[in-house]
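Asker: Input file: start.tsv. Contents: TSV, C-alpha atoms.
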```tsv
chain	number	residue	atom	x	y	z
O	1	MET	CA	-42.44	3.91	-12.37
O	2	LEU	CA	-40.15	6.58	-13.75
O	3	ALA	CA	-37.18	5.18	-11.81
O	4	ARG	CA	-37.98	1.67	-13.08
O	5	ARG	CA	-38.23	2.86	-16.68
O	6	SER	CA	-35.08	4.99	-16.57
O	7	HIS	CA	-33.04	2.08	-15.16
O	8	GLU	CA	-34.60	-0.50	-17.51
O	9	ASP	CA	-32.64	0.49	-20.56
O	10	ALA	CA	-28.94	-0.36	-20.52
O	11	ASP	CA	-28.33	2.53	-22.90
O	12	GLY	CA	-29.08	4.96	-20.06
O	13	GLU	CA	-32.36	6.34	-21.35
O	14	SER	CA	-32.92	9.81	-19.92
O	15	LEU	CA	-35.72	10.62	-17.50
O	16	VAL	CA	-37.45	12.74	-20.12
O	17	GLU	CA	-37.39	9.89	-22.66
O	18	ALA	CA	-38.64	7.40	-20.04
O	19	ALA	CA	-41.48	9.64	-18.82
O	20	PRO	CA	-44.19	8.68	-21.38
O	21	ALA	CA	-43.77	4.94	-20.77
O	22	ALA	CA	-43.63	5.55	-17.01
O	23	ALA	CA	-46.89	7.52	-17.17
O	24	ILE	CA	-48.59	4.64	-19.00
O	25	ASP	CA	-47.15	2.18	-16.46
O	26	THR	CA	-48.50	4.31	-13.62
O	27	VAL	CA	-52.01	4.32	-15.08
O	28	GLU	CA	-51.89	0.55	-15.64
O	29	VAL	CA	-50.69	-0.06	-12.06
O	30	ALA	CA	-53.43	2.20	-10.67
O	31	VAL	CA	-56.15	0.51	-12.74
O	32	GLY	CA	-54.84	-2.96	-11.85
O	33	GLY	CA	-54.56	-2.05	-8.18
O	34	TYR	CA	-58.11	-0.70	-8.15
O	35	ALA	CA	-59.41	-3.89	-9.78
O	36	GLU	CA	-57.65	-6.04	-7.16
O	37	THR	CA	-58.78	-3.95	-4.18
O	38	PRO	CA	-61.49	-5.43	-1.93
O	39	HIS	CA	-65.02	-4.09	-2.44
O	40	THR	CA	-65.24	-2.25	0.88
O	41	GLU	CA	-62.05	-0.33	0.14
O	42	THR	CA	-63.13	0.63	-3.38
O	43	VAL	CA	-66.47	1.87	-2.03
O	44	LEU	CA	-64.71	4.04	0.55
O	45	PHE	CA	-62.18	5.24	-2.03
O	46	ASN	CA	-65.00	6.16	-4.46
O	47	LEU	CA	-66.85	7.94	-1.67
O	48	LEU	CA	-63.71	9.93	-0.85
O	49	ALA	CA	-63.04	10.70	-4.54
O	50	GLY	CA	-66.61	11.90	-5.13
O	51	PHE	CA	-66.48	13.96	-1.94
O	52	LEU	CA	-63.16	15.66	-2.72
O	53	GLY	CA	-64.00	16.15	-6.40
O	54	SER	CA	-67.32	17.83	-5.77
O	55	PHE	CA	-65.92	19.89	-2.91
O	56	ALA	CA	-63.12	21.20	-5.15
O	57	VAL	CA	-65.40	21.88	-8.13
O	58	VAL	CA	-68.03	23.66	-6.04
O	59	ARG	CA	-65.40	25.83	-4.32
O	60	VAL	CA	-63.97	26.88	-7.69
O	61	SER	CA	-67.42	27.44	-9.18
O	62	THR	CA	-68.65	29.58	-6.28
O	63	LEU	CA	-65.49	31.66	-6.51
O	64	GLY	CA	-66.10	32.03	-10.26
O	65	ILE	CA	-69.73	33.00	-9.72
O	66	ARG	CA	-68.68	35.55	-7.11
O	67	ASP	CA	-65.97	37.01	-9.36
O	68	GLU	CA	-68.20	36.73	-12.47
O	69	TRP	CA	-65.92	34.57	-14.63
O	70	TRP	CA	-67.74	31.24	-14.19
O	71	PRO	CA	-70.07	30.40	-17.12
O	72	PHE	CA	-73.02	29.60	-14.80
O	73	ARG	CA	-74.80	31.68	-12.18
O	74	ASN	CA	-76.58	30.99	-8.92
O	75	VAL	CA	-79.68	28.85	-9.23
O	76	ARG	CA	-82.88	30.65	-8.32
O	77	VAL	CA	-86.38	29.23	-8.05
O	78	GLY	CA	-89.18	31.72	-7.54
O	79	GLY	CA	-86.65	34.42	-6.60
O	80	ARG	CA	-85.11	32.20	-3.91
O	81	HIS	CA	-81.43	31.23	-4.11
O	82	ILE	CA	-81.04	27.46	-4.02
O	83	HIS	CA	-77.82	26.69	-2.17
O	84	HIS	CA	-75.84	23.67	-3.34
O	85	PHE	CA	-76.44	21.78	-0.09
O	86	VAL	CA	-80.04	21.19	-1.28
O	87	PRO	CA	-79.14	19.05	-4.32
O	88	GLY	CA	-76.25	17.64	-2.26
O	89	ILE	CA	-78.62	16.27	0.36
O	90	LEU	CA	-80.94	14.90	-2.33
O	91	VAL	CA	-78.10	13.21	-4.23
O	92	ALA	CA	-76.58	11.71	-1.06
O	93	PHE	CA	-79.95	10.43	0.19
O	94	ALA	CA	-80.90	8.97	-3.19
O	95	SER	CA	-77.51	7.29	-3.62
O	96	GLY	CA	-77.53	5.88	-0.11
O	97	THR	CA	-81.08	4.59	-0.36
O	98	THR	CA	-80.40	2.98	-3.73
O	99	ALA	CA	-77.21	1.37	-2.40
O	100	LEU	CA	-79.17	-0.10	0.50
O	101	LEU	CA	-81.73	-1.58	-1.87
O	102	THR	CA	-79.28	-3.17	-4.30
O	103	ASP	CA	-77.20	-6.30	-4.09
O	104	ASP	CA	-74.88	-5.34	-6.95
O	105	GLU	CA	-71.29	-4.55	-5.90
O	106	ARG	CA	-70.46	-2.71	-9.14
O	107	LEU	CA	-73.52	-0.49	-8.75
O	108	GLU	CA	-72.64	0.12	-5.09
O	109	GLU	CA	-69.16	1.29	-6.13
O	110	ARG	CA	-70.70	3.78	-8.59
O	111	LEU	CA	-73.27	4.92	-6.05
O	112	ALA	CA	-70.44	5.61	-3.60
O	113	VAL	CA	-69.13	8.26	-6.01
O	114	THR	CA	-72.51	9.98	-6.23
O	115	ALA	CA	-73.01	9.73	-2.46
O	116	GLY	CA	-69.59	11.37	-2.06
O	117	VAL	CA	-70.60	14.12	-4.49
O	118	GLY	CA	-73.73	14.78	-2.45
O	119	MET	CA	-71.72	14.83	0.77
O	120	GLY	CA	-69.19	17.25	-0.75
O	121	LEU	CA	-71.94	19.63	-1.86
O	122	THR	CA	-73.52	19.48	1.59
O	123	PHE	CA	-70.34	19.77	3.66
O	124	ASP	CA	-69.23	22.75	1.60
O	125	GLU	CA	-72.14	24.69	3.07
O	126	ALA	CA	-72.07	23.16	6.56
O	127	ALA	CA	-71.43	26.56	8.17
O	128	LEU	CA	-74.59	27.92	6.54
O	129	LEU	CA	-76.56	24.93	7.84
O	130	LEU	CA	-75.19	25.39	11.36
O	131	ASP	CA	-75.51	29.19	11.49
O	132	LEU	CA	-78.76	29.37	9.48
O	133	ARG	CA	-77.39	32.36	7.60
O	134	ASP	CA	-75.18	32.71	4.54
O	135	VAL	CA	-71.64	32.88	5.96
O	136	TYR	CA	-69.93	31.24	2.95
O	137	TRP	CA	-67.37	34.00	2.28
O	138	THR	CA	-66.94	35.12	5.89
O	139	ARG	CA	-64.60	33.99	8.64
O	140	GLU	CA	-67.42	31.84	10.05
O	141	GLY	CA	-67.64	30.15	6.65
O	142	LEU	CA	-64.23	28.57	7.25
O	143	LEU	CA	-66.08	26.05	9.39
O	144	SER	CA	-67.29	24.38	6.19
O	145	ILE	CA	-63.71	23.90	5.02
O	146	GLN	CA	-62.64	22.62	8.43
O	147	LEU	CA	-65.50	20.13	8.56
O	148	SER	CA	-64.75	18.98	5.02
O	149	LEU	CA	-61.10	18.43	5.87
O	150	GLY	CA	-62.19	16.50	8.95
O	151	ALA	CA	-64.50	14.31	6.85
O	152	THR	CA	-61.64	13.74	4.39
O	153	ALA	CA	-59.39	12.64	7.24
O	154	ILE	CA	-62.02	10.27	8.62
O	155	LEU	CA	-62.66	8.64	5.23
O	156	SER	CA	-58.92	8.32	4.62
O	157	ILE	CA	-58.39	6.77	8.04
O	158	ALA	CA	-61.23	4.31	7.38
O	159	ILE	CA	-59.56	3.16	4.15
O	160	LEU	CA	-56.14	2.81	5.79
O	161	THR	CA	-57.59	1.02	8.82
O	162	GLN	CA	-59.30	-1.55	6.62
O	163	ARG	CA	-56.05	-2.21	4.79
O	164	MET	CA	-54.15	-2.57	8.05
O	165	LEU	CA	-56.73	-4.92	9.54
O	166	ARG	CA	-56.72	-7.12	6.41
O	167	ARG	CA	-52.94	-7.41	6.53
O	168	GLY	CA	-53.04	-8.14	10.24
O	169	GLU	CA	-55.71	-10.79	9.76
O	170	ARG	CA	-53.67	-12.53	7.03
O	171	HIS	CA	-50.56	-12.42	9.21
O	172	GLU	CA	-52.29	-13.76	12.31
O	173	GLU	CA	-53.94	-16.52	10.30
O	174	ALA	CA	-50.61	-17.49	8.73
O	175	GLU	CA	-49.01	-17.61	12.19
O	176	GLY	CA	-51.84	-19.85	13.41
O	177	HIS	CA	-53.01	-17.33	16.02
O	178	ILE	CA	-56.54	-17.14	14.62
O	179	PRO	CA	-58.64	-19.81	12.90
O	180	ALA	CA	-58.49	-20.04	9.12
O	181	ALA	CA	-61.25	-18.27	7.24
O	182	ASP	CA	-63.89	-20.43	5.58
O	183	GLY	CA	-63.81	-20.03	1.82
O	184	PRO	CA	-61.23	-17.95	-0.02
O	185	LEU	CA	-58.69	-16.01	1.99
O	186	ILE	CA	-59.15	-12.25	2.17
O	187	PRO	CA	-57.62	-10.67	-0.95
O	188	ALA	CA	-54.13	-9.21	-0.59
O	189	ALA	CA	-54.04	-5.49	0.04
```
Would you write the structure of this file as structure tokens?

Answerer:
Amino acid sequence: MLARRSHEDADGESLVEAAPAAAIDTVEVAVGGYAETPHTETVLFNLLAGFLGSFAVVRVSTLGIRDEWWPFRNVRVGGRHIHHFVPGILVAFASGTTALLTDDERLEERLAVTAGVGMGLTFDEAALLLDLRDVYWTREGLLSIQLSLGATAILSIAILTQRMLRRGERHEEAEGHIPAADGPLIPAA
């Protein structure tokens, strides 16, 4: 968008002067692109965004708790530390169950974010769940990061694969290699 804006003006507007309009253009393109994206892709994108967002926030917060600069402390109930995988599992299960029971695409897209948040909280402590001991800040705790990166890759691949298959389906239909779809054609990706 910055290149478009800086070349738009015949007076040779500088990159710095074009930046604010280019930033607004970028947001408008992103919002418009999201609105035009098929439901299954937006659900996966929201799942990925919730997952990565919660994973990043929980990593920063646990570091802050450990180094005593974060405004909150560990949650304890009856003297027992409640690890963040516990609410993560509850949030993911509740979101998934609700999504299964609804027939509302907009609600499903929102629930995908909360399901991703729950997954991020849970995956962040995957090493603890596998080792059954608190290995969060140890070498063994790196397994949680590795598993989270693997989940990120899988979700990203799922999104890209859906886009590729939609484009391939439109192409093959246009070439007459597959029968035409009944009803409206699959939205452009």

Asker: Could you jot down the CA of Gly53 in chain O to CA of Val113 in chain O separation for me, Å, one decimal place?

Answerer: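 For CA of Gly53 in chain O relative to CA of Val113 in chain O, the distance reads 9.4 Å.
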
Asker: Hey, which of O:Leu130, O:Ala115, O:Leu121, O:Leu142 ends up closest to Phe45 in chain O? Count all atoms listed in the file.

Answerer: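 Ranking O:Leu130, O:Ala115, O:Leu121, O:Leu142 by distance to Phe45 in chain O, first place goes to O:Ala115.
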
Asker: Pick out the residues sitting within 10 Å of Phe85 in chain O, and hand them over as a list in words; count all atoms listed in the file, and ignore anything fewer than 6 positions along from it in its own chain.

Answerer: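 That gives Val91, Gly118, Met119, Gly120, Leu121, Thr122, Phe123, Asp124, Glu125, Ala126, Leu128 and Leu129 of chain O.
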
Asker: Which value, in Å to one decimal, gives the distance between CA of Val27 in chain O and CA of Thr42 in chain O?

Answerer: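 Distance reported for this atom pair: 16.6 Å.
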
Asker: Contacts of Ala127 in chain O at 6 Å or less, counting only C-alpha atoms, minus same-chain residues fewer than 5 places along, as a list of chain:residue names?

Answerer: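 Skipping anything fewer than 5 positions along the chain leaves O:Gly141, O:Leu143, O:Ser144.
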
Asker: Every residue with an atom at most 7 Å from (-69.1, 9.8, -4.6) (file coordinates; only C-alpha atoms) is what I'm after, so could you write them as a PyMOL selection string?

Answerer: chain O and resi 46-51+111-117

Asker: Let me make sure I understand: among O:Ala174, O:Phe55, O:Glu108, O:Ser61, which one has the smallest atom-to-atom distance to Gly88 in chain O if we use all atoms listed in the file?

Answerer: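 The answer is O:Phe55, which sits nearest to Gly88 in chain O.
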
Asker: Please, which residues are within 12 Å of (-64.0, -7.0, -7.9) by the file's coordinates, counting all atoms listed in the file, and could they come as a list in words?

Answerer: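 The distance filter leaves exactly Val31, Gly32, Gly33, Tyr34, Ala35, Glu36, Thr37, Pro38, His39, Thr40, Glu41, Thr42, Val43, Asp104, Glu105, Arg106, Leu107, Glu108, Glu109 and Pro187 of chain O.
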
Asker: So how far away is CA of Val29 in chain O from CA of Ala181 in chain O, in Å?

Answerer: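 CA of Ala181 in chain O sits 28.6 Å away from CA of Val29 in chain O.
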
Asker: Between O:Ile89, O:Leu165, O:Leu52, O:Gly64, which residue has the minimum interatomic distance to Ala151 in chain O, considering only C-alpha atoms?

Answerer: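 Counting only C-alpha atoms, the residue closest to Ala151 in chain O is O:Leu52.
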
Asker: Using all atoms listed in the file, which protein or nucleic acid residues come within 12 Å of Met1 in chain O? Drop anything in the same chain fewer than 3 positions from it, and give the result as a list of chain:residue names.

Answerer: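 Answer for this query is O:Arg4, O:Arg5, O:Ser6, O:His7, O:Glu8, O:Leu15, O:Ala18, O:Ala19, O:Pro20, O:Ala21, O:Ala22, O:Ala23, O:Ile24, O:Asp25, O:Thr26, O:Val27, O:Glu28, O:Val29, O:Ala30.
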